[in-house]
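Text of the file my_file-v6.txt, holding compact mmCIF, C-alpha atoms:
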```
# COMPACT_ATOMS: atom_id res chain seq x y z
CA MET A 1 0.00 0.00 0.00
CA VAL A 2 1.16 3.51 -0.87
CA ASP A 3 -0.27 6.60 0.78
CA ILE A 4 -0.40 9.57 -1.58
CA VAL A 5 -0.35 12.71 0.58
CA LEU A 6 -2.02 15.65 -1.16
CA ALA A 7 -2.13 19.10 0.47
CA THR A 8 -4.50 21.48 -1.33
CA TYR A 9 -5.25 25.18 -1.39
CA ASN A 10 -7.37 26.98 -4.02
CA GLY A 11 -6.52 24.36 -6.62
CA GLU A 12 -9.81 24.12 -8.52
CA LYS A 13 -8.19 24.99 -11.88
CA PHE A 14 -5.89 21.97 -11.88
CA LEU A 15 -6.89 19.47 -9.19
CA SER A 16 -9.19 17.29 -11.31
CA GLN A 17 -6.44 16.58 -13.85
CA GLN A 18 -4.10 15.49 -11.09
CA LEU A 19 -6.68 13.20 -9.49
CA TYR A 20 -7.53 11.63 -12.84
CA SER A 21 -3.83 10.89 -13.34
CA LEU A 22 -3.83 9.02 -10.01
CA LEU A 23 -6.75 6.92 -11.17
CA ALA A 24 -4.73 6.02 -14.28
CA GLN A 25 -1.77 4.61 -12.32
CA THR A 26 -0.74 1.08 -13.30
CA TYR A 27 0.03 0.41 -9.61
CA LYS A 28 -3.40 0.21 -7.99
CA ASP A 29 -2.72 -0.41 -4.30
CA TRP A 30 -2.81 3.19 -3.11
CA ARG A 31 -4.97 5.66 -1.26
CA CYS A 32 -4.88 9.44 -1.58
CA ILE A 33 -5.16 11.41 1.68
CA ILE A 34 -6.27 14.98 1.01
CA HIS A 35 -6.20 17.87 3.47
CA ASP A 36 -7.20 21.39 2.49
CA ASP A 37 -5.68 24.57 3.94
CA GLY A 38 -8.77 26.76 3.86
CA SER A 39 -9.58 27.05 0.16
CA THR A 40 -12.11 29.67 -0.89
CA ASP A 41 -12.79 28.14 -4.31
CA LYS A 42 -14.26 24.76 -5.31
CA THR A 43 -11.23 22.66 -4.30
CA ILE A 44 -13.06 20.83 -1.49
CA ASP A 45 -16.07 20.17 -3.73
CA ILE A 46 -13.79 18.54 -6.32
CA ALA A 47 -12.10 16.41 -3.64
CA LYS A 48 -15.50 15.31 -2.30
CA GLU A 49 -16.66 14.38 -5.80
CA PHE A 50 -13.66 12.12 -6.37
CA ALA A 51 -14.06 10.61 -2.89
CA SER A 52 -17.63 9.70 -3.77
CA ILE A 53 -16.46 8.00 -6.99
CA ASP A 54 -13.49 6.07 -5.57
CA LYS A 55 -13.05 5.17 -1.90
CA ARG A 56 -9.25 5.42 -2.28
CA PHE A 57 -9.64 9.22 -2.14
CA ILE A 58 -9.93 10.22 1.52
CA LEU A 59 -10.66 13.85 2.41
CA LYS A 60 -9.68 14.86 5.94
CA ILE A 61 -11.66 17.79 7.28
CA ASP A 62 -10.39 18.67 10.75
CA GLY A 63 -10.46 22.48 10.84
CA ALA A 64 -6.66 22.82 10.79
CA LYS A 65 -5.36 25.77 8.75
CA PHE A 66 -1.73 26.76 8.28
CA GLY A 67 -1.35 29.27 5.44
CA ASN A 68 1.78 27.34 4.50
CA ALA A 69 2.15 24.46 2.01
CA GLY A 70 4.98 22.76 3.89
CA LYS A 71 3.09 22.71 7.20
CA ASN A 72 -0.05 21.48 5.45
CA PHE A 73 1.89 18.60 3.86
CA ILE A 74 3.43 17.54 7.17
CA HIS A 75 0.03 17.72 8.89
CA THR A 76 -1.55 15.60 6.14
CA LEU A 77 1.35 13.15 6.45
CA SER A 78 0.32 12.52 10.06
CA TYR A 79 -2.72 10.63 8.74
CA SER A 80 -0.52 8.13 6.86
CA ASP A 81 0.24 4.66 8.18
CA SER A 82 1.36 2.79 5.05
CA GLU A 83 4.75 1.25 4.30
CA TYR A 84 5.44 3.79 1.52
CA ILE A 85 4.37 7.38 0.99
CA CYS A 86 4.38 9.93 -1.85
CA PHE A 87 3.83 13.66 -1.67
CA CYS A 88 1.54 14.93 -4.42
CA ASP A 89 1.08 18.53 -5.61
CA GLN A 90 -2.40 19.61 -6.64
CA ASP A 91 -1.39 21.08 -10.01
CA ASP A 92 0.80 18.38 -11.61
CA VAL A 93 -0.05 15.33 -13.71
CA TRP A 94 1.55 11.95 -13.01
CA LEU A 95 2.51 9.62 -15.84
CA ASP A 96 0.73 6.31 -15.46
CA THR A 97 3.81 4.28 -14.44
CA LYS A 98 5.08 6.71 -11.79
CA LEU A 99 4.06 4.69 -8.74
CA GLU A 100 4.98 1.37 -10.31
CA LYS A 101 8.53 2.49 -11.14
CA LEU A 102 9.17 4.22 -7.82
CA ILE A 103 7.91 1.21 -5.86
CA SER A 104 10.23 -1.09 -7.82
CA VAL A 105 13.23 0.96 -6.62
CA ILE A 106 12.38 1.63 -3.00
CA GLU A 107 11.38 -1.97 -2.28
CA LYS A 108 15.01 -2.95 -2.87
CA GLN A 109 16.32 -0.60 -0.17
CA ASN A 110 17.03 -1.25 3.51
CA LYS A 111 13.69 -0.84 5.30
CA GLU A 112 15.40 -0.28 8.65
CA MET A 113 16.66 3.15 7.52
CA PRO A 114 14.86 6.30 6.36
CA GLN A 115 14.75 5.95 2.57
CA VAL A 116 13.75 8.32 -0.21
CA VAL A 117 13.79 7.83 -3.97
CA PHE A 118 13.45 10.90 -6.20
CA SER A 119 12.44 10.73 -9.83
CA ASN A 120 12.41 13.64 -12.28
CA ALA A 121 9.71 15.53 -14.16
CA TYR A 122 9.01 17.21 -17.46
CA LEU A 123 8.31 20.92 -17.28
CA TRP A 124 4.85 21.61 -18.62
CA ARG A 125 3.33 24.84 -19.94
CA ASN A 126 -0.19 23.70 -20.76
CA ASP A 127 -1.13 27.26 -21.77
CA LYS A 128 1.43 26.96 -24.59
CA ASN A 129 0.96 23.21 -25.17
CA ALA A 130 4.67 22.74 -24.40
CA ILE A 131 6.50 19.94 -22.57
CA PHE A 132 10.23 20.52 -22.18
CA GLY A 133 13.37 20.08 -20.10
CA ARG A 134 13.74 18.50 -16.67
CA ALA A 135 12.59 19.90 -13.35
CA THR A 136 15.57 18.62 -11.36
CA LEU A 137 19.15 19.32 -12.42
CA ALA A 138 20.95 18.90 -9.08
CA PHE A 139 21.21 15.57 -7.28
CA PRO A 140 22.66 16.08 -3.80
CA THR A 141 23.63 13.03 -1.78
CA ASP A 142 25.39 14.70 1.17
CA ILE A 143 25.44 17.89 3.18
CA GLU A 144 28.27 19.40 1.13
CA SER A 145 26.26 19.17 -2.08
CA LEU A 146 22.94 20.26 -0.54
CA LEU A 147 23.20 23.31 1.69
CA PHE A 148 24.27 25.92 -0.87
CA LEU A 149 21.39 24.89 -3.15
CA ASN A 150 18.96 26.66 -0.76
CA CYS A 151 16.29 24.10 -1.58
CA GLY A 152 15.30 20.46 -1.42
CA ILE A 153 14.57 18.14 -4.31
CA GLN A 154 11.00 18.27 -5.59
CA GLY A 155 8.92 16.46 -2.99
CA ALA A 156 6.18 15.47 -5.45
CA SER A 157 8.73 13.45 -7.44
CA ALA A 158 9.57 11.22 -4.46
CA ILE A 159 8.56 8.07 -2.69
CA PHE A 160 9.75 7.38 0.87
CA ASN A 161 9.29 4.74 3.54
CA LYS A 162 7.65 4.80 6.96
CA LYS A 163 11.01 5.28 8.72
CA MET A 164 11.37 8.53 6.77
CA ARG A 165 7.77 9.46 7.58
CA ASP A 166 8.47 9.08 11.30
CA CYS A 167 11.42 11.48 10.95
CA LEU A 168 9.39 14.05 9.02
CA LEU A 169 6.74 14.04 11.74
CA VAL A 170 9.29 15.24 14.30
CA PRO A 171 8.33 18.94 14.69
CA LEU A 172 10.73 21.47 13.24
CA GLU A 173 10.42 25.18 13.91
CA ASN A 174 10.89 27.55 10.96
CA LEU A 175 10.42 24.71 8.46
CA VAL A 176 10.91 26.29 5.05
CA MET A 177 9.33 23.42 3.05
CA HIS A 178 8.48 19.75 3.50
CA ASP A 179 10.69 18.64 0.59
CA TRP A 180 13.73 20.42 2.08
CA TYR A 181 13.18 18.39 5.28
CA LEU A 182 12.83 15.21 3.23
CA THR A 183 16.05 15.90 1.31
CA ILE A 184 18.22 16.83 4.28
CA ILE A 185 17.18 13.71 6.22
CA GLY A 186 18.05 11.64 3.16
CA CYS A 187 21.46 13.31 2.94
CA THR A 188 22.34 12.87 6.62
CA PHE A 189 21.17 9.83 8.55
CA GLY A 190 18.89 8.34 5.89
CA GLU A 191 19.59 7.20 2.34
CA ILE A 192 18.80 9.11 -0.82
CA HIS A 193 18.44 7.62 -4.30
CA TYR A 194 17.63 8.97 -7.76
CA LEU A 195 15.62 7.38 -10.53
CA HIS A 196 16.67 9.45 -13.54
CA GLU A 197 13.37 9.26 -15.39
CA ASN A 198 10.73 11.92 -15.97
CA LEU A 199 7.64 10.42 -14.38
CA MET A 200 5.31 13.40 -14.16
CA LEU A 201 4.42 16.74 -15.72
CA TYR A 202 5.45 19.65 -13.49
CA ARG A 203 2.99 22.38 -14.39
CA GLN A 204 4.49 25.86 -14.75
CA HIS A 205 2.16 28.74 -14.01
CA GLY A 206 2.01 31.99 -12.11
CA LEU A 207 0.70 30.36 -8.92
CA ASN A 208 3.52 27.86 -8.37
CA ILE A 209 4.47 27.78 -4.68
CA THR A 210 8.15 27.34 -5.51
CA GLY A 211 8.18 29.36 -8.73
CA TYR A 212 9.22 28.42 -12.24
CA ALA A 213 11.86 25.82 -12.94
CA ASP A 214 14.52 26.70 -15.49
CA GLY A 215 14.46 23.59 -17.63
CA SER A 216 18.10 23.47 -18.71
CA MET A 217 21.49 23.67 -17.05
CA GLN A 218 22.34 26.70 -19.19
CA ASN A 219 19.37 28.66 -17.85
CA LYS A 220 20.00 27.36 -14.34
CA LEU A 221 23.59 28.54 -14.39
CA PHE A 222 22.55 31.90 -15.84
CA SER A 223 20.20 32.46 -12.90
CA LEU A 224 22.81 31.06 -10.51
CA PHE A 225 25.10 34.03 -11.01
CA LYS A 226 22.54 36.83 -10.85
CA ARG A 227 22.68 39.02 -7.75
CA ASN A 228 18.96 38.98 -6.96
CA THR A 229 19.34 36.27 -4.31
CA PRO A 230 22.09 35.61 -1.75
CA LEU A 231 24.45 32.66 -1.58
CA VAL A 232 22.81 31.59 1.70
CA ASP A 233 19.05 32.10 1.94
CA LEU A 234 17.86 33.22 5.38
CA LYS A 235 14.75 31.03 5.44
CA HIS A 236 16.75 27.92 4.66
CA LEU A 237 19.41 28.93 7.19
CA ASN A 238 16.78 29.24 9.92
CA SER A 239 15.39 25.82 8.98
CA LEU A 240 18.91 24.41 9.13
CA LYS A 241 19.42 25.84 12.62
CA ALA A 242 16.16 24.24 13.75
CA PHE A 243 17.14 20.93 12.14
CA PHE A 244 20.52 21.01 13.87
CA GLN A 245 18.94 21.74 17.25
CA VAL A 246 16.58 18.77 16.95
CA TRP A 247 18.82 16.20 15.26
CA GLU A 248 22.36 17.10 16.40
CA GLY A 249 22.57 14.13 18.76
CA ILE A 250 22.26 11.46 16.05
CA LEU A 251 24.15 13.13 13.20
CA SER A 252 27.50 11.68 12.19
CA GLU A 253 30.50 13.59 13.50
CA LYS A 254 31.30 14.75 9.96
CA ASP A 255 27.79 16.09 9.28
CA ARG A 256 27.54 17.66 12.73
CA LYS A 257 30.79 19.56 12.26
CA ASN A 258 29.94 20.64 8.71
CA ILE A 259 26.50 21.95 9.65
CA GLU A 260 27.85 23.71 12.74
CA LYS A 261 30.57 25.40 10.68
CA PHE A 262 28.11 26.31 7.92
CA ILE A 263 25.87 28.09 10.45
CA LYS A 264 28.70 29.85 12.29
CA VAL A 265 30.45 31.13 9.17
CA THR A 266 27.39 33.21 8.24
CA GLU A 267 28.47 35.54 11.05
CA LYS A 268 32.08 35.77 9.82
CA ASN A 269 33.74 38.09 7.32
CA SER A 270 34.23 37.39 3.61
CA VAL A 271 37.77 36.03 4.03
CA SER A 272 36.61 33.48 6.61
CA ARG A 273 33.68 32.48 4.41
CA LEU A 274 35.88 31.92 1.37
CA ARG A 275 38.37 29.91 3.44
CA PHE A 276 35.45 27.79 4.70
CA ILE A 277 34.36 26.99 1.14
CA LEU A 278 37.89 26.25 -0.06
CA ASP A 279 38.82 24.06 2.90
CA GLY A 280 35.84 21.72 2.54
CA LYS A 281 34.13 19.69 -0.16
CA TRP A 282 31.34 22.20 -0.65
CA ARG A 283 29.84 22.32 -4.13
CA ILE A 284 26.78 23.30 -6.09
CA TYR A 285 25.49 21.27 -9.05
CA ASP A 286 28.35 18.93 -8.13
CA SER A 287 30.95 21.61 -8.87
CA ARG A 288 33.24 23.54 -6.52
CA LYS A 289 34.13 25.98 -9.32
CA LYS A 290 30.50 27.03 -9.79
CA LEU A 291 30.16 27.61 -6.05
CA ILE A 292 33.32 29.73 -5.89
CA VAL A 293 32.22 31.86 -8.84
CA LYS A 294 28.82 32.28 -7.20
CA PHE A 295 30.56 33.36 -3.98
CA PHE A 296 32.21 36.30 -5.73
CA ILE A 297 29.10 37.37 -7.66
CA ARG A 298 26.33 37.12 -5.09
CA PRO A 299 26.00 38.59 -1.60
CA TYR A 300 26.66 35.87 0.96
CA ILE A 301 23.52 36.38 3.03
CA THR A 302 20.78 38.99 3.25
CA ARG A 303 19.49 39.71 6.72
CA LEU A 304 15.94 40.75 7.54
CA LYS A 305 15.74 44.32 8.80
```

Could you render the structure from this file as structure tokens?
Amino acid sequence: MVDIVLATYNGEKFLSQQLYSLLAQTYKDWRCIIHDDGSTDKTIDIAKEFASIDKRFILKIDGAKFGNAGKNFIHTLSYSDSEYICFCDQDDVWLDTKLEKLISVIEKQNKEMPQVVFSNAYLWRNDKNAIFGRATLAFPTDIESLLFLNCGIQGASAIFNKKMRDCLLVPLENLVMHDWYLTIIGCTFGEIHYLHENLMLYRQHGLNITGYADGSMQNKLFSLFKRNTPLVDLKHLNSLKAFFQVWEGILSEKDRKNIEKFIKVTEKNSVSRLRFILDGKWRIYDSRKKLIVKFFIRPYITRLK
């Protein structure tokens, strides 16, 4: 059994297409747990309609509202009790073999450890009838390749086990997003794997929670070196501090030291920050050179005033 965890908010434009794509899955042993975050459109009506058609759709109405997609996903996850779990965004479309292929990979992994398998996705502009590129171009497997990305891997592309679910349900203050939490656990005391296949359509539109994806490494690198965002994002830094406070005791010595240094160096001067990058194995898009160039082009961190 796979629990598909779907957190919704004002998704009436796209939700039906996503739910139909779940019905089309070749792997049939699933249920979709839906929790809404206070929609003011017809999102709940659509969810109720599908629940009346197929008992595998389960709408949880408990009065909880968060105003935050990540918190809504983690809350919805608390209703899951299956061996394997997938996050599901309300505005994407899954290819029919997505669950089947992800299950075939994660079933081979050690069930006694937190496990996550990420696939990839096509970018989709349905308003232009265009499918192009890949949503994910970075594939971190450790702290050194993750933290300077200022993001996690797309949560809706993943499948994870109940050991990972138990970790995600440990409360974390200042949680930036659920998929960041999923990725950092996979990179530290869990295991993270990649299935390099595009198994869904990642819809691009003006209401994306995480914004547009770039679609190619060329465009990604072009945006990488613009000065509109800092090298270290404050929201992700605060999430990292909260993660470290909660999980420090079971991190490996290497990860504990790296995270501690990463946090402390944000308060240092530019020379100390550069020395920190050069002395370690820090990289972005699996490249130290790209990270060093980014260091000289972007501000290191922007503080809230």

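Those DNA, RNA and protein residues that approach the point (27.0, 27.9, -1.7) to within 7 Å, considering only C-alpha atoms, are Leu147, Phe148, Leu149, Leu231, Val232, Arg283, Ile284, Leu291 and Phe295 of chain A.
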
Tell me which of A:Tyr122, A:Trp282, A:Phe73, A:Phe244 sits closest to A:Glu173, counting all atoms listed in the file.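 Among the listed residues, A:Phe244 lies closest to A:Glu173.
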
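Computed from the coordinates, the atom CA of A:Ile58 to atom CA of A:Ile33 distance equals 4.9 Å.
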
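For the set A:Gln204, A:Asn126, A:Thr229, A:Ser157, the residue with the smallest atom-to-atom gap to A:Ile85 is A:Ser157, counting all atoms listed in the file.
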
List the neighbours of stretch 253-256 of chain A out to 8 Å using all atoms listed in the file; skip same-chain residues closer than 5 positions along the sequence, and give me the result as a ChimeraX atom specification. /A:143,188,244,248

Counting all atoms listed in the file, what are the residues of stretch 154-205 of chain A within 7 Å of stretch 107-119 of chain A, and for each of them which pair of atoms is the nearest and at what distance in Å, to one decimal? Sort the table by chain and rising number, as JSON lines.
```
{"residue": "A:Ser157", "atom": "CA", "partner": "A:Ser119", "partner_atom": "CA", "distance": 5.2}
{"residue": "A:Ala158", "atom": "CA", "partner": "A:Phe118", "partner_atom": "CA", "distance": 4.3}
{"residue": "A:Ile159", "atom": "CA", "partner": "A:Val117", "partner_atom": "CA", "distance": 5.4}
{"residue": "A:Phe160", "atom": "CA", "partner": "A:Val116", "partner_atom": "CA", "distance": 4.2}
{"residue": "A:Asn161", "atom": "CA", "partner": "A:Gln115", "partner_atom": "CA", "distance": 5.7}
{"residue": "A:Lys163", "atom": "CA", "partner": "A:Pro114", "partner_atom": "CA", "distance": 4.6}
{"residue": "A:Met164", "atom": "CA", "partner": "A:Pro114", "partner_atom": "CA", "distance": 4.2}
{"residue": "A:Gly186", "atom": "CA", "partner": "A:Val116", "partner_atom": "CA", "distance": 6.4}
{"residue": "A:Gly190", "atom": "CA", "partner": "A:Pro114", "partner_atom": "CA", "distance": 4.5}
{"residue": "A:Glu191", "atom": "CA", "partner": "A:Gln115", "partner_atom": "CA", "distance": 5.0}
{"residue": "A:Ile192", "atom": "CA", "partner": "A:Val116", "partner_atom": "CA", "distance": 5.1}
{"residue": "A:His193", "atom": "CA", "partner": "A:Val117", "partner_atom": "CA", "distance": 4.7}
{"residue": "A:Tyr194", "atom": "CA", "partner": "A:Phe118", "partner_atom": "CA", "distance": 4.9}
{"residue": "A:Leu195", "atom": "CA", "partner": "A:Ser119", "partner_atom": "CA", "distance": 4.7}
{"residue": "A:His196", "atom": "CA", "partner": "A:Ser119", "partner_atom": "CA", "distance": 5.8}
{"residue": "A:Glu197", "atom": "CA", "partner": "A:Ser119", "partner_atom": "CA", "distance": 5.8}
{"residue": "A:Asn198", "atom": "CA", "partner": "A:Ser119", "partner_atom": "CA", "distance": 6.5}
{"residue": "A:Leu199", "atom": "CA", "partner": "A:Ser119", "partner_atom": "CA", "distance": 6.6}
```
